[in-house]
$ cat input_23.pdb   # PDB, C-alpha atoms, pLDDT in the B column
ATOM      1  CA  MET L  10      30.123  -9.172  11.280  1.00 42.00           C
ATOM      2  CA  VAL L  11      28.869  -9.400  14.877  1.00 45.00           C
ATOM      3  CA  VAL L  12      28.526  -5.613  15.058  1.00 47.00           C
ATOM      4  CA  SER L  13      26.671  -5.523  11.737  1.00 53.00           C
ATOM      5  CA  LEU L  14      24.205  -8.170  12.897  1.00 48.00           C
ATOM      6  CA  LYS L  15      23.623  -6.294  16.155  1.00 56.00           C
ATOM      7  CA  ILE L  16      22.922  -3.058  14.284  1.00 56.00           C
ATOM      8  CA  LEU L  17      20.524  -4.832  11.949  1.00 58.00           C
ATOM      9  CA  ASN L  18      18.771  -6.508  14.856  1.00 89.00           C
ATOM     10  CA  THR L  19      18.306  -3.198  16.676  1.00 91.00           C
ATOM     11  CA  LYS L  20      16.852  -1.526  13.605  1.00 93.00           C
ATOM     12  CA  GLU L  21      14.505  -4.451  12.984  1.00 93.00           C
ATOM     13  CA  LYS L  22      13.285  -4.288  16.569  1.00 95.00           C
ATOM     14  CA  ILE L  23      12.479  -0.581  16.176  1.00 96.00           C
ATOM     15  CA  ILE L  24      10.633  -1.169  12.903  1.00 96.00           C
ATOM     16  CA  LYS L  25       8.688  -4.092  14.356  1.00 95.00           C
ATOM     17  CA  SER L  26       7.665  -2.098  17.430  1.00 96.00           C
ATOM     18  CA  GLY L  27       6.769   0.970  15.373  1.00 96.00           C
ATOM     19  CA  LYS L  28       4.690  -1.035  12.915  1.00 96.00           C
ATOM     20  CA  LYS L  29       2.776  -2.684  15.748  1.00 96.00           C
ATOM     21  CA  GLN L  30       1.927   0.640  17.336  1.00 96.00           C
ATOM     22  CA  PHE L  31       1.091   2.380  14.047  1.00 97.00           C
ATOM     23  CA  LEU L  32      -1.285  -0.452  13.141  1.00 96.00           C
ATOM     24  CA  GLU L  33      -2.970  -0.440  16.541  1.00 96.00           C
ATOM     25  CA  ILE L  34      -3.456   3.291  17.134  1.00 96.00           C
ATOM     26  CA  GLY L  35      -2.321   5.070  13.966  1.00 96.00           C
ATOM     27  CA  PHE L  36       0.669   7.273  13.274  1.00 97.00           C
ATOM     28  CA  GLU L  37      -0.673  10.401  14.978  1.00 96.00           C
ATOM     29  CA  ASN L  38      -1.309   8.666  18.312  1.00 96.00           C
ATOM     30  CA  ALA L  39       1.866   6.589  18.275  1.00 96.00           C
ATOM     31  CA  ASN L  40       4.403   7.542  20.926  1.00 93.00           C
ATOM     32  CA  LEU L  41       8.115   7.461  20.187  1.00 94.00           C
ATOM     33  CA  ARG L  42       9.094   6.613  23.756  1.00 94.00           C
ATOM     34  CA  ARG L  43       6.621   3.728  23.803  1.00 95.00           C
ATOM     35  CA  ILE L  44       7.982   2.449  20.501  1.00 96.00           C
ATOM     36  CA  CYS L  45      11.495   2.452  21.947  1.00 96.00           C
ATOM     37  CA  LYS L  46      10.378   0.860  25.210  1.00 95.00           C
ATOM     38  CA  ASP L  47       8.566  -1.960  23.435  1.00 95.00           C
ATOM     39  CA  ALA L  48      11.582  -2.470  21.167  1.00 94.00           C
ATOM     40  CA  GLY L  49      13.879  -2.640  24.199  1.00 93.00           C
ATOM     41  CA  VAL L  50      16.082   0.207  22.971  1.00 94.00           C
ATOM     42  CA  THR L  51      16.850   3.739  24.124  1.00 93.00           C
ATOM     43  CA  THR L  52      15.676   6.836  22.278  1.00 94.00           C
ATOM     44  CA  GLY L  53      19.347   7.484  21.608  1.00 94.00           C
ATOM     45  CA  ALA L  54      19.544   4.162  19.761  1.00 93.00           C
ATOM     46  CA  PHE L  55      16.422   5.108  17.813  1.00 95.00           C
ATOM     47  CA  TYR L  56      18.007   8.336  16.559  1.00 95.00           C
ATOM     48  CA  LYS L  57      20.935   6.406  15.140  1.00 94.00           C
ATOM     49  CA  TYR L  58      18.576   5.014  12.504  1.00 94.00           C
ATOM     50  CA  PHE L  59      15.678   7.463  12.217  1.00 96.00           C
ATOM     51  CA  SER L  60      15.476  11.211  12.764  1.00 95.00           C
ATOM     52  CA  ASN L  61      11.842  11.025  13.934  1.00 95.00           C
ATOM     53  CA  LYS L  62       8.764   8.815  13.800  1.00 95.00           C
ATOM     54  CA  GLU L  63       7.855  10.286  10.385  1.00 96.00           C
ATOM     55  CA  GLU L  64      11.038   8.812   8.952  1.00 97.00           C
ATOM     56  CA  LEU L  65      10.268   5.494  10.639  1.00 97.00           C
ATOM     57  CA  PHE L  66       6.815   5.471   9.064  1.00 97.00           C
ATOM     58  CA  GLU L  67       8.293   6.427   5.691  1.00 97.00           C
ATOM     59  CA  SER L  68      10.580   3.397   5.824  1.00 96.00           C
ATOM     60  CA  MET L  69       7.481   1.187   6.020  1.00 97.00           C
ATOM     61  CA  VAL L  70       5.284   2.722   3.315  1.00 97.00           C
ATOM     62  CA  GLY L  71       7.392   4.877   0.993  1.00 97.00           C
ATOM     63  CA  GLN L  72       8.337   2.211  -1.531  1.00 96.00           C
ATOM     64  CA  LEU L  73       4.821   0.758  -1.542  1.00 96.00           C
ATOM     65  CA  ALA L  74       3.269   4.160  -2.272  1.00 96.00           C
ATOM     66  CA  TYR L  75       5.665   4.628  -5.182  1.00 95.00           C
ATOM     67  CA  ASP L  76       4.910   1.149  -6.548  1.00 95.00           C
ATOM     68  CA  ILE L  77       1.142   1.661  -6.295  1.00 94.00           C
ATOM     69  CA  PHE L  78       1.269   4.853  -8.363  1.00 90.00           C
ATOM     70  CA  ASN L  79       3.409   3.105 -10.967  1.00 90.00           C
ATOM     71  CA  LEU L  80       1.039   0.133 -11.108  1.00 88.00           C
ATOM     72  CA  TYR L  81      -1.939   2.445 -11.528  1.00 87.00           C
ATOM     73  CA  LYS L  82      -0.218   4.410 -14.304  1.00 85.00           C
ATOM     74  CA  LYS L  83       0.755   1.215 -16.116  1.00 83.00           C
ATOM     75  CA  TYR L  84      -2.843   0.081 -16.512  1.00 79.00           C
ATOM     76  CA  GLU L  85      -4.189   3.533 -17.291  1.00 80.00           C
ATOM     77  CA  ASP L  86      -1.642   3.881 -20.081  1.00 76.00           C
ATOM     78  CA  LYS L  87      -2.770   0.521 -21.487  1.00 72.00           C
ATOM     79  CA  SER L  88      -6.377   1.721 -21.434  1.00 72.00           C
ATOM     80  CA  PHE L  89      -5.686   4.951 -23.306  1.00 70.00           C
ATOM     81  CA  ILE L  90      -3.577   3.165 -25.911  1.00 70.00           C
ATOM     82  CA  LYS L  91      -6.601   1.011 -26.720  1.00 64.00           C
ATOM     83  CA  TYR L  92      -8.980   3.978 -26.825  1.00 65.00           C
ATOM     84  CA  ASN L  93      -6.663   6.102 -28.940  1.00 66.00           C
ATOM     85  CA  SER L  94      -6.221   3.311 -31.478  1.00 60.00           C
ATOM     86  CA  ASP L  95      -9.952   2.976 -32.093  1.00 59.00           C
ATOM     87  CA  ARG L  96     -11.943   5.728 -33.836  1.00 63.00           C
ATOM     88  CA  PRO L  97     -14.875   5.857 -33.475  1.00 70.00           C
ATOM     89  CA  ILE L  98     -14.728   3.931 -30.225  1.00 72.00           C
ATOM     90  CA  SER L  99     -16.484   0.581 -30.630  1.00 75.00           C
ATOM     91  CA  LYS L 100     -18.386  -1.379 -28.013  1.00 79.00           C
ATOM     92  CA  LYS L 101     -15.816  -4.143 -28.457  1.00 82.00           C
ATOM     93  CA  VAL L 102     -13.003  -1.855 -27.341  1.00 78.00           C
ATOM     94  CA  ILE L 103     -15.027  -0.508 -24.398  1.00 78.00           C
ATOM     95  CA  LEU L 104     -15.623  -4.078 -23.216  1.00 82.00           C
ATOM     96  CA  GLU L 105     -11.924  -4.846 -23.630  1.00 81.00           C
ATOM     97  CA  ILE L 106     -11.088  -1.848 -21.447  1.00 79.00           C
ATOM     98  CA  LEU L 107     -13.464  -3.039 -18.740  1.00 82.00           C
ATOM     99  CA  GLU L 108     -11.831  -6.475 -18.884  1.00 85.00           C
ATOM    100  CA  LEU L 109      -8.483  -4.726 -18.490  1.00 82.00           C
ATOM    101  CA  LYS L 110      -9.888  -2.942 -15.447  1.00 86.00           C
ATOM    102  CA  ASP L 111     -10.806  -6.347 -13.980  1.00 87.00           C
ATOM    103  CA  GLU L 112      -7.260  -7.539 -14.577  1.00 87.00           C
ATOM    104  CA  ALA L 113      -5.800  -4.389 -13.030  1.00 89.00           C
ATOM    105  CA  SER L 114      -7.973  -4.765  -9.933  1.00 92.00           C
ATOM    106  CA  ILE L 115      -6.963  -8.393  -9.410  1.00 93.00           C
ATOM    107  CA  ARG L 116      -3.256  -7.692  -9.973  1.00 92.00           C
ATOM    108  CA  SER L 117      -3.410  -4.688  -7.652  1.00 93.00           C
ATOM    109  CA  VAL L 118      -5.197  -6.485  -4.834  1.00 95.00           C
ATOM    110  CA  SER L 119      -2.792  -9.400  -5.152  1.00 96.00           C
ATOM    111  CA  PHE L 120       0.103  -6.960  -4.778  1.00 95.00           C
ATOM    112  CA  PHE L 121      -1.578  -5.150  -1.879  1.00 96.00           C
ATOM    113  CA  TYR L 122      -2.197  -8.427  -0.073  1.00 97.00           C
ATOM    114  CA  ASP L 123       1.446  -9.439  -0.475  1.00 96.00           C
ATOM    115  CA  ASN L 124       2.257  -6.183   1.353  1.00 96.00           C
ATOM    116  CA  LYS L 125      -0.760  -6.275   3.632  1.00 96.00           C
ATOM    117  CA  GLU L 126       0.611  -4.607   6.764  1.00 96.00           C
ATOM    118  CA  SER L 127       2.359  -1.818   4.866  1.00 96.00           C
ATOM    119  CA  PHE L 128      -0.797  -1.311   2.787  1.00 96.00           C
ATOM    120  CA  GLN L 129      -2.919  -1.047   5.921  1.00 97.00           C
ATOM    121  CA  LEU L 130      -0.491   1.495   7.358  1.00 97.00           C
ATOM    122  CA  LEU L 131      -0.530   3.529   4.157  1.00 97.00           C
ATOM    123  CA  ILE L 132      -4.307   3.625   3.717  1.00 96.00           C
ATOM    124  CA  PHE L 133      -5.734   3.489   7.230  1.00 96.00           C
ATOM    125  CA  SER L 134      -2.992   4.514   9.685  1.00 96.00           C
ATOM    126  CA  SER L 135      -1.265   7.424   7.966  1.00 97.00           C
ATOM    127  CA  TYR L 136      -3.204  10.386   9.383  1.00 96.00           C
ATOM    128  CA  GLY L 137      -0.676  13.052  10.358  1.00 96.00           C
ATOM    129  CA  THR L 138       1.801  12.102   7.625  1.00 97.00           C
ATOM    130  CA  LYS L 139       2.230  13.232   4.019  1.00 96.00           C
ATOM    131  CA  TYR L 140       0.378  10.037   3.035  1.00 96.00           C
ATOM    132  CA  GLU L 141      -2.854  10.776   4.904  1.00 96.00           C
ATOM    133  CA  ASN L 142      -4.692  11.574   1.646  1.00 95.00           C
ATOM    134  CA  PHE L 143      -2.996   8.893  -0.422  1.00 95.00           C
ATOM    135  CA  ILE L 144      -6.122   7.008  -1.457  1.00 94.00           C
ATOM    136  CA  GLU L 145      -7.920  10.281  -2.197  1.00 95.00           C
ATOM    137  CA  LYS L 146      -5.150  11.176  -4.651  1.00 93.00           C
ATOM    138  CA  ILE L 147      -5.672   7.852  -6.424  1.00 93.00           C
ATOM    139  CA  ILE L 148      -9.409   8.545  -6.547  1.00 94.00           C
ATOM    140  CA  GLU L 149      -8.754  11.998  -8.016  1.00 94.00           C
ATOM    141  CA  LEU L 150      -6.694  10.367 -10.772  1.00 91.00           C
ATOM    142  CA  GLU L 151      -9.484   7.861 -11.356  1.00 90.00           C
ATOM    143  CA  ASP L 152     -12.010  10.712 -11.617  1.00 93.00           C
ATOM    144  CA  LYS L 153      -9.817  12.550 -14.114  1.00 91.00           C
ATOM    145  CA  ASN L 154      -9.229   9.477 -16.265  1.00 87.00           C
ATOM    146  CA  HIS L 155     -12.887   8.470 -16.282  1.00 88.00           C
ATOM    147  CA  LYS L 156     -13.861  11.956 -17.440  1.00 89.00           C
ATOM    148  CA  LYS L 157     -11.313  11.736 -20.242  1.00 86.00           C
ATOM    149  CA  ILE L 158     -12.605   8.304 -21.278  1.00 83.00           C
ATOM    150  CA  LEU L 159     -16.273   9.314 -21.184  1.00 85.00           C
ATOM    151  CA  ASN L 160     -15.505  12.448 -23.202  1.00 85.00           C
ATOM    152  CA  MET L 161     -13.977  10.174 -25.855  1.00 81.00           C
ATOM    153  CA  ILE L 162     -17.121   8.025 -25.902  1.00 81.00           C
ATOM    154  CA  TYR L 163     -19.808  10.719 -25.760  1.00 83.00           C
ATOM    155  CA  LYS L 164     -19.630  13.652 -28.166  1.00 82.00           C
ATOM    156  CA  ASP L 165     -21.685  15.769 -25.745  1.00 85.00           C
ATOM    157  CA  GLY L 166     -19.179  15.158 -22.951  1.00 85.00           C
ATOM    158  CA  TYR L 167     -19.242  13.136 -19.739  1.00 86.00           C
ATOM    159  CA  GLU L 168     -21.728  15.564 -18.153  1.00 90.00           C
ATOM    160  CA  SER L 169     -24.393  14.141 -20.473  1.00 89.00           C
ATOM    161  CA  VAL L 170     -24.299  10.803 -18.609  1.00 88.00           C
ATOM    162  CA  ILE L 171     -22.974  11.477 -15.095  1.00 92.00           C
ATOM    163  CA  THR L 172     -22.308  14.361 -12.702  1.00 94.00           C
ATOM    164  CA  ASP L 173     -18.947  15.138 -11.147  1.00 95.00           C
ATOM    165  CA  GLU L 174     -20.331  14.153  -7.752  1.00 96.00           C
ATOM    166  CA  GLY L 175     -21.769  10.893  -9.050  1.00 94.00           C
ATOM    167  CA  LEU L 176     -18.507   9.964 -10.735  1.00 94.00           C
ATOM    168  CA  HIS L 177     -16.484  10.730  -7.612  1.00 96.00           C
ATOM    169  CA  LEU L 178     -18.817   8.755  -5.342  1.00 96.00           C
ATOM    170  CA  ILE L 179     -18.615   5.664  -7.573  1.00 94.00           C
ATOM    171  CA  ASN L 180     -14.820   5.780  -7.703  1.00 94.00           C
ATOM    172  CA  HIS L 181     -14.613   6.481  -3.971  1.00 96.00           C
ATOM    173  CA  ALA L 182     -16.833   3.492  -3.177  1.00 96.00           C
ATOM    174  CA  TYR L 183     -14.844   1.228  -5.510  1.00 95.00           C
ATOM    175  CA  MET L 184     -11.406   2.157  -4.173  1.00 95.00           C
ATOM    176  CA  TYR L 185     -12.423   1.838  -0.537  1.00 95.00           C
ATOM    177  CA  ALA L 186     -14.146  -1.480  -1.224  1.00 96.00           C
ATOM    178  CA  LEU L 187     -10.883  -2.857  -2.614  1.00 95.00           C
ATOM    179  CA  ALA L 188      -8.899  -1.420   0.294  1.00 96.00           C
ATOM    180  CA  GLN L 189     -11.244  -2.904   2.885  1.00 96.00           C
ATOM    181  CA  LEU L 190     -11.236  -6.359   1.346  1.00 95.00           C
ATOM    182  CA  VAL L 191      -7.423  -6.434   1.390  1.00 96.00           C
ATOM    183  CA  VAL L 192      -7.421  -5.767   5.126  1.00 94.00           C
ATOM    184  CA  HIS L 193     -10.304  -8.072   6.037  1.00 95.00           C
ATOM    185  CA  SER L 194      -9.733 -11.078   3.750  1.00 95.00           C
ATOM    186  CA  ILE L 195      -8.176 -13.986   5.639  1.00 94.00           C
ATOM    187  CA  SER L 196      -6.240 -15.308   2.648  1.00 96.00           C
ATOM    188  CA  LYS L 197      -4.925 -14.077  -0.679  1.00 96.00           C
ATOM    189  CA  GLY L 198      -7.317 -16.418  -2.465  1.00 96.00           C
ATOM    190  CA  GLN L 199     -10.271 -14.932  -0.632  1.00 97.00           C
ATOM    191  CA  ALA L 200      -9.058 -11.408  -1.430  1.00 96.00           C
ATOM    192  CA  ILE L 201      -8.865 -12.210  -5.144  1.00 96.00           C
ATOM    193  CA  HIS L 202     -12.277 -13.909  -5.084  1.00 96.00           C
ATOM    194  CA  ASN L 203     -13.838 -10.867  -3.411  1.00 96.00           C
ATOM    195  CA  THR L 204     -12.106  -8.577  -5.912  1.00 95.00           C
ATOM    196  CA  LYS L 205     -13.707 -10.424  -8.816  1.00 94.00           C
ATOM    197  CA  ILE L 206     -17.149  -9.997  -7.238  1.00 95.00           C
ATOM    198  CA  ILE L 207     -16.696  -6.281  -6.555  1.00 94.00           C
ATOM    199  CA  SER L 208     -15.104  -5.593  -9.943  1.00 92.00           C
ATOM    200  CA  SER L 209     -17.936  -7.393 -11.739  1.00 92.00           C
ATOM    201  CA  PHE L 210     -20.522  -5.421  -9.744  1.00 93.00           C
ATOM    202  CA  PHE L 211     -19.006  -2.037 -10.581  1.00 92.00           C
ATOM    203  CA  ASN L 212     -18.226  -2.936 -14.200  1.00 88.00           C
ATOM    204  CA  ASP L 213     -21.871  -3.799 -14.814  1.00 89.00           C
ATOM    205  CA  GLY L 214     -22.682  -0.248 -13.765  1.00 89.00           C
ATOM    206  CA  TRP L 215     -19.958   1.207 -15.984  1.00 85.00           C
ATOM    207  CA  LYS L 216     -21.285  -0.778 -18.937  1.00 83.00           C
ATOM    208  CA  LYS L 217     -24.578   1.036 -18.571  1.00 83.00           C
ATOM    209  CA  ILE L 218     -22.924   4.437 -18.109  1.00 80.00           C
ATOM    210  CA  ARG L 219     -20.705   3.813 -21.146  1.00 74.00           C
ATOM    211  CA  GLY L 220     -23.705   2.995 -23.315  1.00 71.00           C
ATOM    212  CA  LEU L 221     -23.498  -0.805 -23.443  1.00 72.00           C
TER     213      LEU L 221
END

$ encode --input "input_23.pdb" --output "structure tokens"
Amino acid sequence: MVVSLKILNTKEKIIKSGKKQFLEIGFENANLRRICKDAGVTTGAFYKYFSNKEELFESMVGQLAYDIFNLYKKYEDKSFIKYNSDRPISKKVILEILELKDEASIRSVSFFYDNKESFQLLIFSSYGTKYENFIEKIIELEDKNHKKILNMIYKDGYESVITDEGLHLINHAYMYALAQLVVHSISKGQAIHNTKIISSFFNDGWKKIRGL
């Protein structure tokens, strides 16, 4: 039991030191020797738990990245179920979808805030890792889904109401606004309050674009 606790303590020290450095200067600039020095362990001890700093970073963000994609897919699936069950698509259903988007934003930000440090690492400190374009991949999915939705609403296609560039810029601004408020809000309550403001602001624009 004593050995097990010692092993766990060593690993926790490495993770704590690595997280601190990744948050301060980003993954690319983080130095493995400095991480070990600050953790009070040798590089040999480090390699007992992680093969490199990429694996250390992965241990901090991998599960969160997986959960975020699943959360996003869950709400997108709910949206398309509503759209596909309504032909022709009524204004009532469009408004219900926008309300669902509000709910998704609040639930997501709440989840992000509960994992604030890992979220900050994933979104703002991951340059040089396989996650460096993580938020851009979410935005690409958002672009794709919005095009699909607008094509269901407008018989002449989404291009009749918005350009590809315009759509991408709106989604880019929205996603980064949510990401920034997670990092800069001083409490979960403040983060949720700010999410409601931002979501309402963008949804008013989408109401106009969606013909409401």

$ atom_distance --input "input_23.pdb" --atom1 "atom CA of L:Tyr58" --atom2 "atom CA of L:Ile77"
25.9 Å

$ closest_residue --input "input_23.pdb" --among "L:Asn154, L:Asn180, L:Ser134, L:Ser114" --to "L:Lys205" --atoms "only C-alpha atoms"
L:Ser114

$ closest_residue --input "input_23.pdb" --among "L:Ala188, L:Ile162, L:Ile103, L:Ile195" --to "L:Ile144" --atoms "all atoms listed in the file"
L:Ala188

$ atom_distance --input "input_23.pdb" --atom1 "atom CA of L:Gln189" --atom2 "atom CA of L:Glu67"
21.8 Å

$ closest_residue --input "input_23.pdb" --among "L:Gly175, L:Gly137, L:Gly198, L:Gly166" --to "L:Phe36" --atoms "only C-alpha atoms"
L:Gly137

$ atom_distance --input "input_23.pdb" --atom1 "atom CA of L:Ile207" --atom2 "atom CA of L:Lys139"
29.2 Å

$ residues_around --input "input_23.pdb" --residues "L:Ala113" --least-positions-apart "2" --cutoff "10 Å" --atoms "only C-alpha atoms" --output "list in words"
Leu80, Tyr81, Lys83, Tyr84, Glu85, Leu107, Glu108, Leu109, Lys110, Asp111, Ile115, Arg116, Ser117, Val118, Ser119 and Ser208 of chain L

$ closest_atom_pairs --input "input_23.pdb" --of "stretch 52-100 of chain L" --to "stretch 40-48 of chain L" --cutoff "9 Å" --atoms "all atoms listed in the file" --output "tab-separated table"
residue	atom	partner	partner_atom	distance
L:Thr52	CA	L:Cys45	CA	6.1
L:Ala54	CA	L:Cys45	CA	8.5
L:Phe55	CA	L:Cys45	CA	7.0
L:Asn61	CA	L:Leu41	CA	8.1
L:Lys62	CA	L:Leu41	CA	6.6

$ residues_near_point --input "input_23.pdb" --point "(5.7, -0.8, -6.7)" --cutoff "12 Å" --atoms "all atoms listed in the file" --output "count of residues only"
21

$ resolve_selection --input "input_23.pdb" --expression "the PyMOL selection byres ((chain L and resi 30-32) around 9)" --output "list in words"
Lys25, Ser26, Gly27, Lys28, Lys29, Glu33, Ile34, Gly35, Phe36, Glu37, Asn38, Ala39, Asn40, Arg43, Ile44, Phe66, Glu126, Gln129, Leu130, Phe133, Ser134 and Ser135 of chain L

$ residues_around --input "input_23.pdb" --residues "L:Ala200" --least-positions-apart "5" --cutoff "7 Å" --atoms "only C-alpha atoms" --output "list in words"
Leu190, Val191 and Ser194 of chain L

$ decode --input "input_23.pdb" --residues "stretch 201-210 of chain L" --atoms "all heavy atoms" --output "PDB file, in the first residue's frame"
ATOM      1  N   ILE L 201     -22.535  30.914 -16.632  1.00  0.00           N
ATOM      2  CA  ILE L 201     -23.864  30.580 -17.158  1.00  0.00           C
ATOM      3  C   ILE L 201     -24.635  31.847 -17.510  1.00  0.00           C
ATOM      4  O   ILE L 201     -25.311  31.914 -18.552  1.00  0.00           O
ATOM      5  CB  ILE L 201     -24.632  29.729 -16.126  1.00  0.00           C
ATOM      6  CG1 ILE L 201     -23.977  28.346 -16.016  1.00  0.00           C
ATOM      7  CG2 ILE L 201     -26.102  29.588 -16.531  1.00  0.00           C
ATOM      8  CD1 ILE L 201     -24.548  27.491 -14.915  1.00  0.00           C
ATOM      9  N   HIS L 202     -24.530  32.864 -16.663  1.00  0.00           N
ATOM     10  CA  HIS L 202     -25.199  34.144 -16.944  1.00  0.00           C
ATOM     11  C   HIS L 202     -24.687  34.741 -18.256  1.00  0.00           C
ATOM     12  O   HIS L 202     -25.488  35.176 -19.106  1.00  0.00           O
ATOM     13  CB  HIS L 202     -24.937  35.120 -15.789  1.00  0.00           C
ATOM     14  CG  HIS L 202     -25.477  36.491 -16.027  1.00  0.00           C
ATOM     15  ND1 HIS L 202     -26.828  36.783 -15.999  1.00  0.00           N
ATOM     16  CD2 HIS L 202     -24.842  37.675 -16.312  1.00  0.00           C
ATOM     17  CE1 HIS L 202     -27.014  38.064 -16.247  1.00  0.00           C
ATOM     18  NE2 HIS L 202     -25.828  38.626 -16.442  1.00  0.00           N
ATOM     19  N   ASN L 203     -23.373  34.741 -18.440  1.00  0.00           N
ATOM     20  CA  ASN L 203     -22.796  35.280 -19.670  1.00  0.00           C
ATOM     21  C   ASN L 203     -23.188  34.445 -20.891  1.00  0.00           C
ATOM     22  O   ASN L 203     -23.376  34.979 -21.991  1.00  0.00           O
ATOM     23  CB  ASN L 203     -21.272  35.330 -19.549  1.00  0.00           C
ATOM     24  CG  ASN L 203     -20.802  36.404 -18.586  1.00  0.00           C
ATOM     25  OD1 ASN L 203     -21.500  37.393 -18.366  1.00  0.00           O
ATOM     26  ND2 ASN L 203     -19.631  36.208 -17.994  1.00  0.00           N
ATOM     27  N   THR L 204     -23.322  33.140 -20.695  1.00  0.00           N
ATOM     28  CA  THR L 204     -23.741  32.261 -21.789  1.00  0.00           C
ATOM     29  C   THR L 204     -25.143  32.614 -22.260  1.00  0.00           C
ATOM     30  O   THR L 204     -25.425  32.647 -23.468  1.00  0.00           O
ATOM     31  CB  THR L 204     -23.708  30.790 -21.340  1.00  0.00           C
ATOM     32  OG1 THR L 204     -22.386  30.453 -20.940  1.00  0.00           O
ATOM     33  CG2 THR L 204     -24.129  29.876 -22.484  1.00  0.00           C
ATOM     34  N   LYS L 205     -26.028  32.879 -21.326  1.00  0.00           N
ATOM     35  CA  LYS L 205     -27.405  33.246 -21.682  1.00  0.00           C
ATOM     36  C   LYS L 205     -27.431  34.531 -22.498  1.00  0.00           C
ATOM     37  O   LYS L 205     -28.192  34.648 -23.474  1.00  0.00           O
ATOM     38  CB  LYS L 205     -28.248  33.402 -20.418  1.00  0.00           C
ATOM     39  CG  LYS L 205     -28.520  32.089 -19.696  1.00  0.00           C
ATOM     40  CD  LYS L 205     -29.304  32.319 -18.406  1.00  0.00           C
ATOM     41  CE  LYS L 205     -29.574  31.009 -17.689  1.00  0.00           C
ATOM     42  NZ  LYS L 205     -30.298  31.202 -16.404  1.00  0.00           N
ATOM     43  N   ILE L 206     -26.600  35.489 -22.128  1.00  0.00           N
ATOM     44  CA  ILE L 206     -26.532  36.762 -22.865  1.00  0.00           C
ATOM     45  C   ILE L 206     -26.019  36.532 -24.287  1.00  0.00           C
ATOM     46  O   ILE L 206     -26.618  37.005 -25.262  1.00  0.00           O
ATOM     47  CB  ILE L 206     -25.617  37.761 -22.132  1.00  0.00           C
ATOM     48  CG1 ILE L 206     -26.224  38.169 -20.789  1.00  0.00           C
ATOM     49  CG2 ILE L 206     -25.370  38.998 -22.997  1.00  0.00           C
ATOM     50  CD1 ILE L 206     -25.299  38.990 -19.918  1.00  0.00           C
ATOM     51  N   ILE L 207     -24.929  35.807 -24.412  1.00  0.00           N
ATOM     52  CA  ILE L 207     -24.326  35.566 -25.724  1.00  0.00           C
ATOM     53  C   ILE L 207     -25.253  34.727 -26.597  1.00  0.00           C
ATOM     54  O   ILE L 207     -25.440  35.012 -27.787  1.00  0.00           O
ATOM     55  CB  ILE L 207     -22.964  34.877 -25.557  1.00  0.00           C
ATOM     56  CG1 ILE L 207     -21.961  35.866 -24.962  1.00  0.00           C
ATOM     57  CG2 ILE L 207     -22.441  34.340 -26.899  1.00  0.00           C
ATOM     58  CD1 ILE L 207     -20.642  35.242 -24.559  1.00  0.00           C
ATOM     59  N   SER L 208     -25.839  33.683 -26.015  1.00  0.00           N
ATOM     60  CA  SER L 208     -26.739  32.816 -26.775  1.00  0.00           C
ATOM     61  C   SER L 208     -27.948  33.585 -27.279  1.00  0.00           C
ATOM     62  O   SER L 208     -28.375  33.432 -28.434  1.00  0.00           O
ATOM     63  CB  SER L 208     -27.196  31.645 -25.895  1.00  0.00           C
ATOM     64  OG  SER L 208     -27.962  30.735 -26.635  1.00  0.00           O
ATOM     65  N   SER L 209     -28.503  34.449 -26.434  1.00  0.00           N
ATOM     66  CA  SER L 209     -29.649  35.268 -26.829  1.00  0.00           C
ATOM     67  C   SER L 209     -29.270  36.213 -27.971  1.00  0.00           C
ATOM     68  O   SER L 209     -30.030  36.388 -28.935  1.00  0.00           O
ATOM     69  CB  SER L 209     -30.153  36.067 -25.626  1.00  0.00           C
ATOM     70  OG  SER L 209     -31.212  36.927 -25.997  1.00  0.00           O
ATOM     71  N   PHE L 210     -28.085  36.796 -27.883  1.00  0.00           N
ATOM     72  CA  PHE L 210     -27.603  37.728 -28.908  1.00  0.00           C
ATOM     73  C   PHE L 210     -27.492  37.034 -30.270  1.00  0.00           C
ATOM     74  O   PHE L 210     -27.998  37.524 -31.282  1.00  0.00           O
ATOM     75  CB  PHE L 210     -26.249  38.284 -28.483  1.00  0.00           C
ATOM     76  CG  PHE L 210     -25.602  39.193 -29.493  1.00  0.00           C
ATOM     77  CD1 PHE L 210     -25.946  40.533 -29.545  1.00  0.00           C
ATOM     78  CD2 PHE L 210     -24.662  38.715 -30.389  1.00  0.00           C
ATOM     79  CE1 PHE L 210     -25.356  41.384 -30.470  1.00  0.00           C
ATOM     80  CE2 PHE L 210     -24.072  39.553 -31.324  1.00  0.00           C
ATOM     81  CZ  PHE L 210     -24.421  40.880 -31.365  1.00  0.00           C
TER      82      PHE L 210
END
